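Participant: Next up, start-v8.txt (compact mmCIF, C-alpha atoms and all ligand atoms).
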# COMPACT_ATOMS: atom_id res chain seq x y z
CA MET A 104 92.10 139.95 81.52
CA THR A 105 94.05 136.71 81.77
CA ILE A 106 92.10 133.48 81.72
CA HIS A 107 93.69 130.67 83.71
CA PRO A 108 92.61 127.29 82.39
CA THR A 109 91.46 124.72 84.93
CA PRO A 110 94.52 122.73 86.07
CA THR A 111 94.56 119.05 85.18
CA VAL A 112 95.35 116.42 87.80
CA VAL A 113 96.09 112.93 86.49
CA VAL A 114 95.99 109.82 88.68
CA VAL A 115 97.39 106.48 87.51
CA ASP A 116 96.20 103.78 89.92
CA ASP A 117 94.38 100.48 89.40
CA SER A 118 92.39 100.73 92.65
CA PRO A 119 88.69 101.73 92.37
CA SER A 120 88.67 102.87 96.02
CA VAL A 121 91.59 105.22 95.35
CA ARG A 122 89.52 106.64 92.49
CA ILE A 123 86.73 107.47 94.97
CA LEU A 124 89.19 108.98 97.46
CA PHE A 125 90.51 111.26 94.71
CA GLU A 126 87.03 112.21 93.53
CA ARG A 127 86.08 113.14 97.11
CA GLY A 128 89.41 114.85 97.81
CA THR A 129 89.12 117.15 94.79
CA GLU A 130 85.35 117.73 94.59
CA ASN A 131 85.58 121.23 96.02
CA LEU A 132 88.64 122.20 94.03
CA ASP A 133 88.64 123.74 90.59
CA VAL A 134 90.59 120.96 88.90
CA ASN A 135 90.06 118.67 85.97
CA LEU A 136 90.59 115.18 87.42
CA MET A 137 91.56 112.35 85.06
CA ILE A 138 92.03 108.83 86.38
CA PHE A 139 93.67 105.94 84.52
CA GLU A 140 93.93 102.38 85.79
CA SER A 141 97.33 101.54 84.34
CA ALA A 142 100.50 103.04 82.91
CA ARG A 143 99.48 101.69 79.53
CA SER A 144 95.99 103.23 79.52
CA SER A 145 97.38 106.62 80.55
CA TRP A 146 100.07 106.61 77.88
CA GLU A 147 97.96 107.92 75.03
CA TYR A 148 97.08 110.99 77.10
CA LEU A 149 100.46 111.55 78.77
CA GLU A 150 102.43 111.14 75.58
CA GLY A 151 101.01 114.44 74.34
CA ASN A 152 99.80 116.25 77.46
CA LYS A 153 101.46 117.63 80.55
CA PRO A 154 99.15 117.71 83.57
CA GLU A 155 99.74 120.25 86.33
CA LEU A 156 100.06 117.35 88.77
CA LEU A 157 100.53 113.62 88.20
CA PHE A 158 99.87 110.97 90.85
CA LEU A 159 101.41 107.54 90.27
CA ASN A 160 100.83 104.33 92.17
CA ILE A 161 103.83 101.97 92.24
CA LYS A 162 102.58 98.37 92.35
CA MET A 163 100.05 97.97 89.55
CA PRO A 164 99.32 95.26 86.99
CA GLY A 165 101.62 95.76 84.02
CA LYS A 166 104.21 98.48 84.36
CA ASP A 167 105.01 99.75 87.88
CA GLY A 168 104.75 103.46 88.58
CA LEU A 169 108.47 104.06 89.20
CA THR A 170 109.55 102.39 85.96
CA PHE A 171 106.82 104.38 84.21
CA LEU A 172 108.08 107.62 85.78
CA LYS A 173 111.60 106.83 84.59
CA GLU A 174 110.27 106.45 81.05
CA LEU A 175 108.21 109.64 81.31
CA ARG A 176 111.24 111.61 82.50
CA GLU A 177 113.02 110.65 79.27
CA LEU A 178 110.40 112.60 77.32
CA PRO A 179 111.18 116.33 77.13
CA LEU A 180 107.49 117.04 77.88
CA HIS A 181 107.72 115.39 81.31
CA LYS A 182 111.22 116.38 82.35
CA ASP A 183 109.78 118.60 85.08
CA THR A 184 106.16 117.45 85.43
CA SER A 185 105.11 117.61 89.10
CA VAL A 186 104.72 114.05 90.35
CA VAL A 187 103.45 112.64 93.63
CA ILE A 188 103.80 108.92 94.37
CA ILE A 189 100.92 107.19 96.15
CA SER A 190 101.75 103.68 97.32
CA SER A 191 101.25 101.06 99.99
CA LYS A 192 105.00 100.41 99.63
CA ASP A 193 106.22 102.39 102.61
CA TYR A 194 109.86 101.47 102.01
CA ALA A 195 112.94 103.72 102.12
CA GLN A 196 114.21 102.32 98.80
CA ASP A 197 110.99 103.29 97.00
CA ARG A 198 111.20 106.79 98.46
CA THR A 199 114.82 107.08 97.33
CA ILE A 200 113.99 106.01 93.76
CA ALA A 201 110.99 108.38 93.68
CA ASN A 202 113.21 111.19 94.93
CA GLU A 203 115.93 110.46 92.37
CA LEU A 204 113.29 110.58 89.65
CA GLY A 205 112.22 114.01 90.82
CA ALA A 206 108.93 113.10 92.50
CA GLN A 207 107.84 115.97 94.79
CA ASP A 208 106.08 113.87 97.39
CA PHE A 209 105.35 110.33 98.53
CA ILE A 210 102.01 109.51 100.12
CA THR A 211 101.53 106.12 101.73
CA LYS A 212 98.28 104.19 101.47
CA PRO A 213 95.81 104.28 103.01
CA MET A 214 95.49 108.06 102.92
CA PRO A 215 92.60 110.14 104.28
CA ILE A 216 90.58 112.31 101.86
CA LYS A 217 92.09 115.46 103.36
CA ALA A 218 95.63 114.33 102.52
CA ILE A 219 94.66 114.33 98.86
CA THR A 220 93.06 117.78 99.07
CA ASP A 221 96.13 119.14 100.90
CA VAL A 222 98.67 117.80 98.46
CA VAL A 223 96.74 119.02 95.40
CA LEU A 224 96.51 122.50 96.96
CA LYS A 225 100.17 122.39 97.92
CA TYR A 226 101.39 121.75 94.38
CA ILE A 227 98.91 123.59 92.20
CA GLY A 228 97.22 126.07 94.53
CA ASN A 229 93.62 127.04 93.83
CA MET B 180 117.06 61.85 86.72
CA SER B 181 113.97 62.95 84.77
CA ASN B 182 114.24 65.36 81.83
CA ALA B 183 112.23 68.02 83.61
CA TYR B 184 112.94 69.02 87.16
CA LEU B 185 113.37 71.89 89.57
CA ARG B 186 116.30 72.07 91.96
CA PHE B 187 116.96 74.34 94.92
CA TRP B 188 120.58 75.53 94.94
CA GLY B 189 120.05 78.22 97.56
CA VAL B 190 117.10 78.77 99.91
CA ARG B 191 118.24 81.49 102.33
CA GLY B 192 117.30 85.14 102.20
CA SER B 193 119.21 88.28 103.24
CA HIS B 194 122.63 86.65 103.57
CA SER B 195 124.18 83.22 103.49
CA ALA B 196 124.17 81.08 106.63
CA PRO B 197 127.06 78.59 106.41
CA PHE B 198 126.74 77.51 110.04
CA ALA B 199 126.83 73.86 111.13
CA SER B 200 123.49 74.31 112.92
CA HIS B 201 121.84 75.52 109.67
CA LEU B 202 123.12 73.08 107.07
CA GLY B 203 120.21 70.64 107.23
CA ILE B 204 118.21 73.35 105.47
CA GLY B 205 121.20 74.84 103.67
CA GLY B 206 123.22 78.03 103.90
CA ASN B 207 123.25 79.45 100.35
CA THR B 208 121.10 82.37 99.19
CA SER B 209 118.38 82.36 96.53
CA CYS B 210 118.91 80.26 93.41
CA VAL B 211 116.52 77.78 91.81
CA GLU B 212 117.18 75.81 88.63
CA ILE B 213 114.40 74.70 86.33
CA ARG B 214 115.66 72.23 83.77
CA VAL B 215 113.62 70.92 80.86
CA ASP B 216 115.61 68.72 78.47
CA ASP B 217 118.62 70.87 77.58
CA HIS B 218 117.04 74.15 78.59
CA ILE B 219 118.19 75.67 81.86
CA LEU B 220 116.40 78.50 83.59
CA LEU B 221 117.84 79.92 86.80
CA CYS B 222 115.68 81.96 89.12
CA ASP B 223 118.02 84.39 90.91
CA ALA B 224 121.78 84.31 91.25
CA GLY B 225 122.49 84.19 94.98
CA THR B 226 125.40 82.17 96.40
CA GLY B 227 123.57 78.98 95.37
CA LEU B 228 124.58 79.86 91.80
CA ILE B 229 128.27 79.25 92.59
CA ASN B 230 127.84 75.56 93.26
CA PHE B 231 125.52 75.23 90.27
CA GLY B 232 128.21 76.80 88.04
CA ASN B 233 130.83 74.39 89.35
CA GLU B 234 128.53 71.46 88.55
CA MET B 235 127.94 72.79 85.03
CA MET B 236 131.68 72.88 84.40
CA LYS B 237 131.76 69.09 84.89
CA GLN B 238 129.58 68.44 81.82
CA LYS B 239 130.03 69.19 78.13
CA ASP B 240 126.60 68.98 76.51
CA ILE B 241 125.00 72.24 77.60
CA ARG B 242 126.53 75.66 76.99
CA GLU B 243 123.51 77.91 77.34
CA MET B 244 121.18 79.19 80.04
CA LEU B 245 118.88 82.02 81.05
CA ILE B 246 119.08 83.71 84.46
CA ILE B 247 116.01 85.67 85.59
CA LEU B 248 116.53 88.04 88.52
CA THR B 249 113.70 89.12 90.82
CA HIS B 250 115.68 92.24 91.81
CA TYR B 251 119.22 93.36 92.56
CA HIS B 252 119.52 92.99 96.33
CA TRP B 253 122.79 91.27 97.16
CA ASP B 254 121.31 87.95 98.24
CA HIS B 255 119.99 87.55 94.66
CA ILE B 256 123.04 88.53 92.61
CA CYS B 257 126.11 87.85 94.74
CA GLY B 258 126.75 84.45 93.14
CA LEU B 259 127.52 86.07 89.77
CA PRO B 260 131.08 87.28 90.55
CA PHE B 261 131.99 83.65 91.33
CA PHE B 262 130.00 82.00 88.56
CA VAL B 263 132.65 80.10 86.60
CA PRO B 264 130.71 79.59 83.28
CA ALA B 265 130.56 83.39 82.86
CA PHE B 266 134.38 83.47 82.69
CA VAL B 267 134.60 80.70 80.04
CA PRO B 268 134.42 81.61 76.33
CA ASP B 269 132.06 79.02 74.87
CA TRP B 270 129.14 79.77 77.20
CA ASN B 271 126.04 81.68 76.22
CA ILE B 272 124.32 83.31 79.18
CA SER B 273 121.18 85.44 78.97
CA ILE B 274 120.21 87.61 81.92
CA PHE B 275 116.87 89.30 82.58
CA GLY B 276 115.63 91.47 85.46
CA PRO B 277 113.93 94.78 86.31
CA GLY B 278 114.92 97.84 84.27
CA ILE B 279 113.57 99.98 81.45
CA LYS B 280 116.20 98.72 79.01
CA ALA B 281 118.76 95.92 78.73
CA ALA B 282 121.57 98.34 79.63
CA ASN B 283 120.00 98.82 83.10
CA ILE B 284 120.38 95.10 83.85
CA GLU B 285 124.04 95.22 82.83
CA GLU B 286 124.57 98.34 84.93
CA TYR B 287 123.06 96.78 88.08
CA VAL B 288 124.72 93.38 87.68
CA SER B 289 128.17 94.85 87.05
CA ALA B 290 127.94 97.43 89.85
CA GLN B 291 128.89 94.79 92.44
CA MET B 292 131.99 93.81 90.44
CA LYS B 293 133.80 97.13 90.58
CA ALA B 294 136.90 98.18 92.50
CA PRO B 295 137.36 98.40 95.42
CA PHE B 296 134.63 95.83 96.02
CA PHE B 297 135.84 93.20 93.55
CA PRO B 298 139.15 92.67 91.71
CA VAL B 299 137.72 92.09 88.21
CA GLY B 300 134.75 93.56 86.39
CA THR B 301 132.16 91.99 84.08
CA GLU B 302 134.37 92.93 81.13
CA THR B 303 136.48 89.91 82.12
CA TRP B 304 133.51 87.62 81.50
CA LEU B 305 134.46 85.68 78.39
CA ALA B 306 131.09 84.03 77.90
CA LYS B 307 128.65 85.64 75.52
CA ILE B 308 126.40 87.60 77.87
CA ASN B 309 123.06 88.66 76.51
CA TYR B 310 121.07 91.14 78.62
CA LEU B 311 117.42 90.85 77.59
CA PRO B 312 115.36 94.01 76.99
CA PRO B 313 111.95 94.16 78.71
CA PRO B 314 109.28 92.59 76.49
CA GLN B 315 106.16 94.62 75.64
CA GLU B 316 103.66 92.40 77.40
CA HIS B 317 105.66 91.35 80.49
CA CYS B 318 106.07 87.85 79.04
CA PHE B 319 108.55 85.92 76.93
CA SER B 320 109.57 82.35 76.31
CA TYR B 321 112.72 80.33 76.70
CA GLY B 322 112.70 76.97 74.94
CA PRO B 323 109.58 75.18 76.16
CA MET B 324 109.11 77.60 79.09
CA ASN B 325 106.69 80.51 79.03
CA ILE B 326 107.71 83.17 81.51
CA SER B 327 105.71 86.16 82.70
CA TYR B 328 106.26 88.53 85.61
CA ASP B 329 104.46 90.92 87.91
CA ASN B 330 105.37 93.55 90.49
CA VAL B 331 105.48 92.38 94.09
CA HIS B 332 105.56 94.08 97.49
CA HIS B 333 109.26 94.50 98.29
CA PRO B 334 111.59 97.52 98.48
CA GLY B 335 112.43 98.87 95.02
CA ILE B 336 111.17 97.28 91.82
CA THR B 337 110.93 93.54 92.36
CA TYR B 338 109.37 90.89 90.14
CA GLY B 339 107.58 87.64 90.86
CA TYR B 340 107.81 85.14 88.00
CA ARG B 341 105.23 82.73 86.58
CA ILE B 342 106.77 79.91 84.60
CA GLN B 343 104.62 77.55 82.56
CA VAL B 344 106.17 74.34 81.37
CA ARG B 345 105.05 70.76 80.72
CA GLY B 346 101.48 71.67 81.69
CA LYS B 347 102.60 72.93 85.11
CA THR B 348 102.55 76.44 86.51
CA ILE B 349 105.47 77.32 88.76
CA LEU B 350 105.51 80.61 90.65
CA TYR B 351 108.80 81.98 91.90
CA ILE B 352 108.22 84.84 94.35
CA SER B 353 111.33 85.03 96.49
CA ASP B 354 110.77 88.40 98.18
CA ASN B 355 107.26 89.62 98.86
CA GLU B 356 105.62 91.10 101.95
CA CYS B 357 102.10 89.63 102.08
CA LEU B 358 99.28 91.65 103.64
CA TYR B 359 101.33 94.80 104.21
CA LEU B 360 98.47 97.16 103.34
CA ASP B 361 96.09 95.18 105.56
CA LYS B 362 98.33 95.97 108.52
CA SER B 363 98.76 99.63 107.53
CA ILE B 364 94.99 99.97 107.36
CA LYS B 365 94.53 98.40 110.80
CA LEU B 366 97.01 100.91 112.24
CA LYS B 367 95.16 103.92 110.79
CA TYR B 368 91.57 102.70 110.97
CA GLY B 369 90.70 104.37 114.26
CA GLU B 370 91.85 107.81 113.08
CA VAL B 371 89.54 108.22 110.08
CA SER B 372 85.87 108.93 109.37
CA PRO B 373 83.27 106.18 108.81
CA GLU B 374 83.23 107.07 105.10
CA GLU B 375 86.98 106.60 104.90
CA GLN B 376 86.74 103.36 106.86
CA VAL B 377 84.38 101.99 104.20
CA LEU B 378 86.83 103.01 101.48
CA TYR B 379 89.76 101.51 103.39
CA ASP B 380 87.86 98.23 103.69
CA ARG B 381 87.34 98.26 99.93
CA MET B 382 90.98 99.10 99.32
CA ASN B 383 91.98 96.20 101.53
CA LYS B 384 89.76 93.78 99.62
CA GLU B 385 91.14 95.02 96.30
CA GLU B 386 94.71 94.54 97.50
CA TYR B 387 94.02 91.04 98.80
CA ALA B 388 92.32 90.13 95.51
CA SER B 389 95.46 91.23 93.67
CA GLU B 390 97.67 89.20 96.05
CA ILE B 391 95.49 86.14 95.40
CA LYS B 392 95.53 86.74 91.65
CA LEU B 393 99.32 86.88 91.67
CA ILE B 394 99.63 83.28 92.91
CA GLN B 395 96.38 81.74 91.65
CA GLY B 396 96.67 78.67 89.47
CA ALA B 397 100.06 77.67 90.89
CA ASP B 398 100.88 73.99 90.88
CA ILE B 399 104.11 74.91 92.63
CA LEU B 400 104.52 78.15 94.56
CA ILE B 401 107.98 79.07 95.85
CA HIS B 402 107.35 82.01 98.17
CA ASP B 403 108.99 84.24 100.74
CA ALA B 404 108.20 82.95 104.24
CA GLN B 405 111.08 84.59 106.07
CA TYR B 406 109.78 85.42 109.51
CA THR B 407 108.09 83.92 112.54
CA PRO B 408 105.22 86.10 113.86
CA GLU B 409 107.48 87.31 116.70
CA ASP B 410 110.21 88.48 114.31
CA TYR B 411 107.70 89.90 111.84
CA GLN B 412 106.45 92.22 114.58
CA LYS B 413 109.95 93.68 114.74
CA LYS B 414 110.63 93.56 111.01
CA ARG B 415 107.39 94.69 109.45
CA GLY B 416 108.31 96.91 106.51
CA TRP B 417 111.48 95.00 105.65
CA GLY B 418 109.75 93.53 102.58
CA HIS B 419 109.33 89.92 103.72
CA SER B 420 106.41 87.78 104.79
CA CYS B 421 105.53 86.13 108.04
CA PHE B 422 105.21 82.45 107.08
CA ILE B 423 101.67 82.32 108.54
CA ASP B 424 100.52 84.96 106.03
CA THR B 425 102.21 83.05 103.21
CA VAL B 426 100.46 79.80 104.14
CA ASN B 427 97.04 81.42 104.57
CA THR B 428 97.29 83.36 101.30
CA ALA B 429 98.36 80.20 99.45
CA ILE B 430 95.35 78.32 100.89
CA ASP B 431 92.97 81.14 99.92
CA ALA B 432 94.39 81.18 96.38
CA GLY B 433 93.95 77.43 95.94
CA VAL B 434 97.66 76.78 95.38
CA LYS B 435 98.49 73.06 95.08
CA GLU B 436 102.01 72.88 96.54
CA LEU B 437 103.79 75.57 98.53
CA TYR B 438 107.54 75.68 99.17
CA LEU B 439 108.38 77.99 102.05
CA TYR B 440 111.46 79.88 100.82
CA HIS B 441 113.93 82.74 101.50
CA HIS B 442 114.53 81.44 105.01
CA ASP B 443 115.90 83.83 107.60
CA PRO B 444 119.65 83.24 108.05
CA ASN B 445 119.21 83.46 111.82
CA TYR B 446 117.02 80.36 111.98
CA ASP B 447 118.78 77.06 112.57
CA ASP B 448 117.46 73.65 111.53
CA ARG B 449 115.46 73.30 114.76
CA GLU B 450 113.73 76.63 114.36
CA MET B 451 112.98 75.82 110.71
CA ASP B 452 111.40 72.54 111.75
CA SER B 453 109.17 74.31 114.22
CA ILE B 454 108.07 76.73 111.45
CA TYR B 455 107.27 73.73 109.27
CA GLN B 456 105.22 72.01 111.97
CA HIS B 457 103.34 75.23 112.64
CA ALA B 458 102.61 75.66 108.88
CA LYS B 459 101.24 72.11 108.71
CA ASP B 460 99.05 72.78 111.78
CA ILE B 461 97.50 75.81 110.07
CA ILE B 462 96.68 73.74 106.99
CA LYS B 463 95.15 71.02 109.16
CA GLN B 464 93.10 73.50 111.19
CA ARG B 465 91.78 75.09 108.02
CA LYS B 466 91.06 71.63 106.56
CA ALA B 467 92.86 72.76 103.40
CA SER B 468 94.30 70.54 100.69
CA LEU B 469 97.48 72.63 100.31
CA ILE B 470 100.66 70.55 100.36
CA CYS B 471 103.41 72.45 102.13
CA HIS B 472 107.18 71.88 102.14
CA LEU B 473 110.22 73.67 103.43
CA ALA B 474 112.53 74.48 100.53
CA VAL B 475 115.79 72.69 101.34
CA GLU B 476 119.08 73.16 99.51
CA GLY B 477 119.69 70.27 97.09
CA MET B 478 116.00 69.29 96.98
CA ILE B 479 114.83 68.18 93.51
CA ILE B 480 111.22 68.24 92.32
CA ASP B 481 110.25 66.11 89.33
CA LEU B 482 108.26 68.11 86.76
CA GLU B 483 107.36 65.19 84.47
ZN ZN A 501 116.07 88.51 99.18
ZN ZN A 502 115.31 91.91 98.48
Kindly return the structure encoded in the file as structure tokens.
Facilitator:
Amino acid sequence: MTIHPTPTVVVVDDSPSVRILFERGTENLDVNLMIFESARSSWEYLEGNKPELLFLNIKMPGKDGLTFLKELRELPLHKDTSVVIISSKDYAQDRTIANELGAQDFITKPMPIKAITDVVLKYIGN
Amino acid sequence: MSNAYLRFWGVRGSHSAPFASHLGIGGNTSCVEIRVDDHILLCDAGTGLINFGNEMMKQKDIREMLIILTHYHWDHICGLPFFVPAFVPDWNISIFGPGIKAANIEEYVSAQMKAPFFPVGTETWLAKINYLPPPQEHCFSYGPMNISYDNVHHPGITYGYRIQVRGKTILYISDNECLYLDKSIKLKYGEVSPEEQVLYDRMNKEEYASEIKLIQGADILIHDAQYTPEDYQKKRGWGHSCFIDTVNTAIDAGVKELYLYHHDPNYDDREMDSIYQHAKDIIKQRKASLICHLAVEGMIIDLE
């Protein structure tokens, strides 16, 4: 018998309401949800762990999510980590950068709860 | 002239506007000098930088400066290929801007000076050019100036700068679309459940609080105010503010003096004056103490 560990979904976003949207969007899924409010506070975890799916906001206090993703991609551990960008910045240039950095998807804020459920299911299944 | 001042060398956004009908306000793109004693800080390197460089070549005392770039859109870097001090050996020029390492800044700045777009590259710059690596805490100092930066709402990674000097706080936010999320929420509000509406309201408040925090404590705020409400309707999502949003946000944040900046190149002096009158009307109607100016090329603000 093979035991599949519960997949980990990490969210890096400073917004408390986004935290609630993610908690609601994943409550019926078998995932381990971890939420950090900044690139810096997530670093200790991400430096040594590869989540099954990583959500990054762009405009946050401190380091922005795209610069952070660029740094993460330089680590062998995160060369191919699945990343979805969640941002209010609905701009073509941000999408292009996200795409160049290998982000799988780009969700614009505000997003309904179902959009979160759908994208988690799309990239990690359940 | 006082030993500490701020001077606008370029006040336009998007592209230069060297048209007779526009020259009361000025036609050059983004460039602001902050001078304290012999220390020179330049915010952005649009076409305004060219004239500044020519002026610098007329004096002999200063040979050093720091240029901070908000981002690498053309209107903010296109003065560099024509910036004479960079081509002269005894100058020392530091450059800072978005990037994960100093080499990124060099890469972005030199990209515009490559064939077939420009006849000579940055390797022909004879000045000592020092690209600054990103500091750990998003802040650093230059002479008596303390500089910090934050991410703003504009396509790609764009910084807004906070400069503290001589007891004054100056905020330089050339390109920033105020209240973008607020408008996105209004567009989607009717399509979601009451629970989501409550969360969207919270998200909106959080975003506005962060917009206020960005500019709070400013004695002088130089901020994107590119569009009239009519043009903003057509250009929402281009990364620039409607001047009404800029004025209202500055009032809410308790800013002391606001300089409307990054003017649309399509607006002539008459249109700019009508924007200015409208901005003053808003302040009057709201009974606010905000002092509002139009940034005008050549304008000097005493910082003593
Ligand atoms: Zn601009
Ligand atoms: Zn721009």
Participant: So which one's closest to chain B, A:Pro164, A:Gly205, A:Gly228, A:Gly151? Using all atoms listed in the file, please.
Facilitator: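 Using all atoms listed in the file, the shortest distance to chain B belongs to A:Pro164.
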Participant: Which residues of chain B come within 6 Å of chain A, and for each one, what is the closest pair of atoms and their distance in Å to one decimal, counting all atoms listed in the file, sorted by chain and residue number, as a Markdown table?
Facilitator:
| residue | atom | partner | partner_atom | distance |
| --- | --- | --- | --- | --- |
| B:Asn330 | CA | A:Lys162 | CA | 5.9 |
| B:Pro334 | CA | A:Gln196 | CA | 5.5 |
| B:Gly335 | CA | A:Asp197 | CA | 5.1 |
| B:Leu360 | CA | A:Ser191 | CA | 5.8 |
| B:Leu378 | CA | A:Ser120 | CA | 5.8 |
| B:Met382 | CA | A:Ser120 | CA | 5.5 |
Participant: Report as a PyMOL selection string all protein, DNA and RNA residues lying within 12 Å of B:Phe319, evaluated on all atoms listed in the file, omitting residues in the same chain fewer than 2 positions from it.
Facilitator: chain B and resi 245+247+275+311-317+321-328+340-343
Participant: Select all residues near (138.6, 83.0, 81.6) (cut-off 8 Å, inclusive, file coordinates), counting only C-alpha atoms, and output them as a compact mmCIF listing (two decimals) with C-alpha atoms, keeping the file's coordinate frame.
Facilitator:
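Writing done, so here's selection-v7.txt:
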# COMPACT_ATOMS: atom_id res chain seq x y z
CA PHE B 266 134.38 83.47 82.69
CA VAL B 267 134.60 80.70 80.04
CA PRO B 268 134.42 81.61 76.33
CA THR B 303 136.48 89.91 82.12
CA TRP B 304 133.51 87.62 81.50
CA LEU B 305 134.46 85.68 78.39
Participant: Just give me the gap between atom CA of B:Glu302 and atom CA of B:Ala290 in Å, one decimal is fine.
Facilitator: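 Atom CA of B:Ala290 lies at a distance of 11.7 Å from atom CA of B:Glu302.
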Participant: 7 Å from ligand ZN 502 (chain A) is the threshold here; counting all atoms listed in the file, which polymer residues fall inside it? Answer as a PDB file with C-alpha atoms, in the coordinates of the input.
Facilitator:
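Result file is out-v7.pdb:
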ATOM      1  CA  HIS B 250     115.680  92.240  91.810  1.00  0.00           C
ATOM      2  CA  HIS B 252     119.520  92.990  96.330  1.00  0.00           C
ATOM      3  CA  HIS B 333     109.260  94.500  98.290  1.00  0.00           C
ATOM      4  CA  PRO B 334     111.590  97.520  98.480  1.00  0.00           C
ATOM      5  CA  ASP B 354     110.770  88.400  98.180  1.00  0.00           C
TER       6      ASP B 354
END
Participant: Within 10 Å of ligand ZN 501 (chain A), which residues show up when you count all atoms listed in the file? List them as a ChimeraX atom specification, please.
Facilitator: /B:190-194,208-209,223,225,249-256,333,337,352-355,403,405,418-419,440-443
Participant: How would the residues just chosen look if you wrote them out with C-alpha atoms as a PDB file, keeping the file's coordinate frame?
Facilitator:
ATOM      1  CA  VAL B 190     117.100  78.770  99.910  1.00  0.00           C
ATOM      2  CA  ARG B 191     118.240  81.490 102.330  1.00  0.00           C
ATOM      3  CA  GLY B 192     117.300  85.140 102.200  1.00  0.00           C
ATOM      4  CA  SER B 193     119.210  88.280 103.240  1.00  0.00           C
ATOM      5  CA  HIS B 194     122.630  86.650 103.570  1.00  0.00           C
ATOM      6  CA  THR B 208     121.100  82.370  99.190  1.00  0.00           C
ATOM      7  CA  SER B 209     118.380  82.360  96.530  1.00  0.00           C
ATOM      8  CA  ASP B 223     118.020  84.390  90.910  1.00  0.00           C
ATOM      9  CA  GLY B 225     122.490  84.190  94.980  1.00  0.00           C
ATOM     10  CA  THR B 249     113.700  89.120  90.820  1.00  0.00           C
ATOM     11  CA  HIS B 250     115.680  92.240  91.810  1.00  0.00           C
ATOM     12  CA  TYR B 251     119.220  93.360  92.560  1.00  0.00           C
ATOM     13  CA  HIS B 252     119.520  92.990  96.330  1.00  0.00           C
ATOM     14  CA  TRP B 253     122.790  91.270  97.160  1.00  0.00           C
ATOM     15  CA  ASP B 254     121.310  87.950  98.240  1.00  0.00           C
ATOM     16  CA  HIS B 255     119.990  87.550  94.660  1.00  0.00           C
ATOM     17  CA  ILE B 256     123.040  88.530  92.610  1.00  0.00           C
ATOM     18  CA  HIS B 333     109.260  94.500  98.290  1.00  0.00           C
ATOM     19  CA  THR B 337     110.930  93.540  92.360  1.00  0.00           C
ATOM     20  CA  ILE B 352     108.220  84.840  94.350  1.00  0.00           C
ATOM     21  CA  SER B 353     111.330  85.030  96.490  1.00  0.00           C
ATOM     22  CA  ASP B 354     110.770  88.400  98.180  1.00  0.00           C
ATOM     23  CA  ASN B 355     107.260  89.620  98.860  1.00  0.00           C
ATOM     24  CA  ASP B 403     108.990  84.240 100.740  1.00  0.00           C
ATOM     25  CA  GLN B 405     111.080  84.590 106.070  1.00  0.00           C
ATOM     26  CA  GLY B 418     109.750  93.530 102.580  1.00  0.00           C
ATOM     27  CA  HIS B 419     109.330  89.920 103.720  1.00  0.00           C
ATOM     28  CA  TYR B 440     111.460  79.880 100.820  1.00  0.00           C
ATOM     29  CA  HIS B 441     113.930  82.740 101.500  1.00  0.00           C
ATOM     30  CA  HIS B 442     114.530  81.440 105.010  1.00  0.00           C
ATOM     31  CA  ASP B 443     115.900  83.830 107.600  1.00  0.00           C
TER      32      ASP B 443
END
Participant: Env of B:Ile394: 8 Å cut, atoms = all atoms listed in the file, seq-sep filter 5 positions within chain, self excluded. Answer as a list in words.
Facilitator: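 In the requested form, the answer reads Leu350, Leu400, Ala429, Ala432 and Val434 of chain B.
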Participant: Would you kindly return, as an mmCIF file with C-alpha atoms, in the frame of the given file, each protein, DNA or RNA residue with an atom no farther than 12 Å from any atom of A:Pro154, considering all atoms listed in the file and excluding same-chain residues fewer than 6 positions away?
Facilitator:
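So result_33.cif came out as:
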data_model
loop_
_atom_site.group_PDB
_atom_site.id
_atom_site.type_symbol
_atom_site.label_atom_id
_atom_site.label_comp_id
_atom_site.auth_asym_id
_atom_site.auth_seq_id
_atom_site.Cartn_x
_atom_site.Cartn_y
_atom_site.Cartn_z
ATOM 1 C CA PRO A 108 92.610 127.290 82.390
ATOM 2 C CA THR A 109 91.460 124.720 84.930
ATOM 3 C CA PRO A 110 94.520 122.730 86.070
ATOM 4 C CA THR A 111 94.560 119.050 85.180
ATOM 5 C CA VAL A 112 95.350 116.420 87.800
ATOM 6 C CA VAL A 113 96.090 112.930 86.490
ATOM 7 C CA VAL A 114 95.990 109.820 88.680
ATOM 8 C CA VAL A 134 90.590 120.960 88.900
ATOM 9 C CA ASN A 135 90.060 118.670 85.970
ATOM 10 C CA LEU A 136 90.590 115.180 87.420
ATOM 11 C CA MET A 137 91.560 112.350 85.060
ATOM 12 C CA ILE A 138 92.030 108.830 86.380
ATOM 13 C CA SER A 145 97.380 106.620 80.550
ATOM 14 C CA TYR A 148 97.080 110.990 77.100
ATOM 15 C CA LEU A 180 107.490 117.040 77.880
ATOM 16 C CA HIS A 181 107.720 115.390 81.310
ATOM 17 C CA ASP A 183 109.780 118.600 85.080
ATOM 18 C CA THR A 184 106.160 117.450 85.430
ATOM 19 C CA SER A 185 105.110 117.610 89.100
ATOM 20 C CA VAL A 186 104.720 114.050 90.350
ATOM 21 C CA TYR A 226 101.390 121.750 94.380
ATOM 22 C CA ILE A 227 98.910 123.590 92.200
#
Participant: Would you mind telling me which residue in B:Ala265, B:Ile213, B:Ile241, B:Ile308 lies nearest to B:Phe187 when using all atoms listed in the file?
Facilitator: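 Using all atoms listed in the file, the shortest distance to B:Phe187 belongs to B:Ile213.
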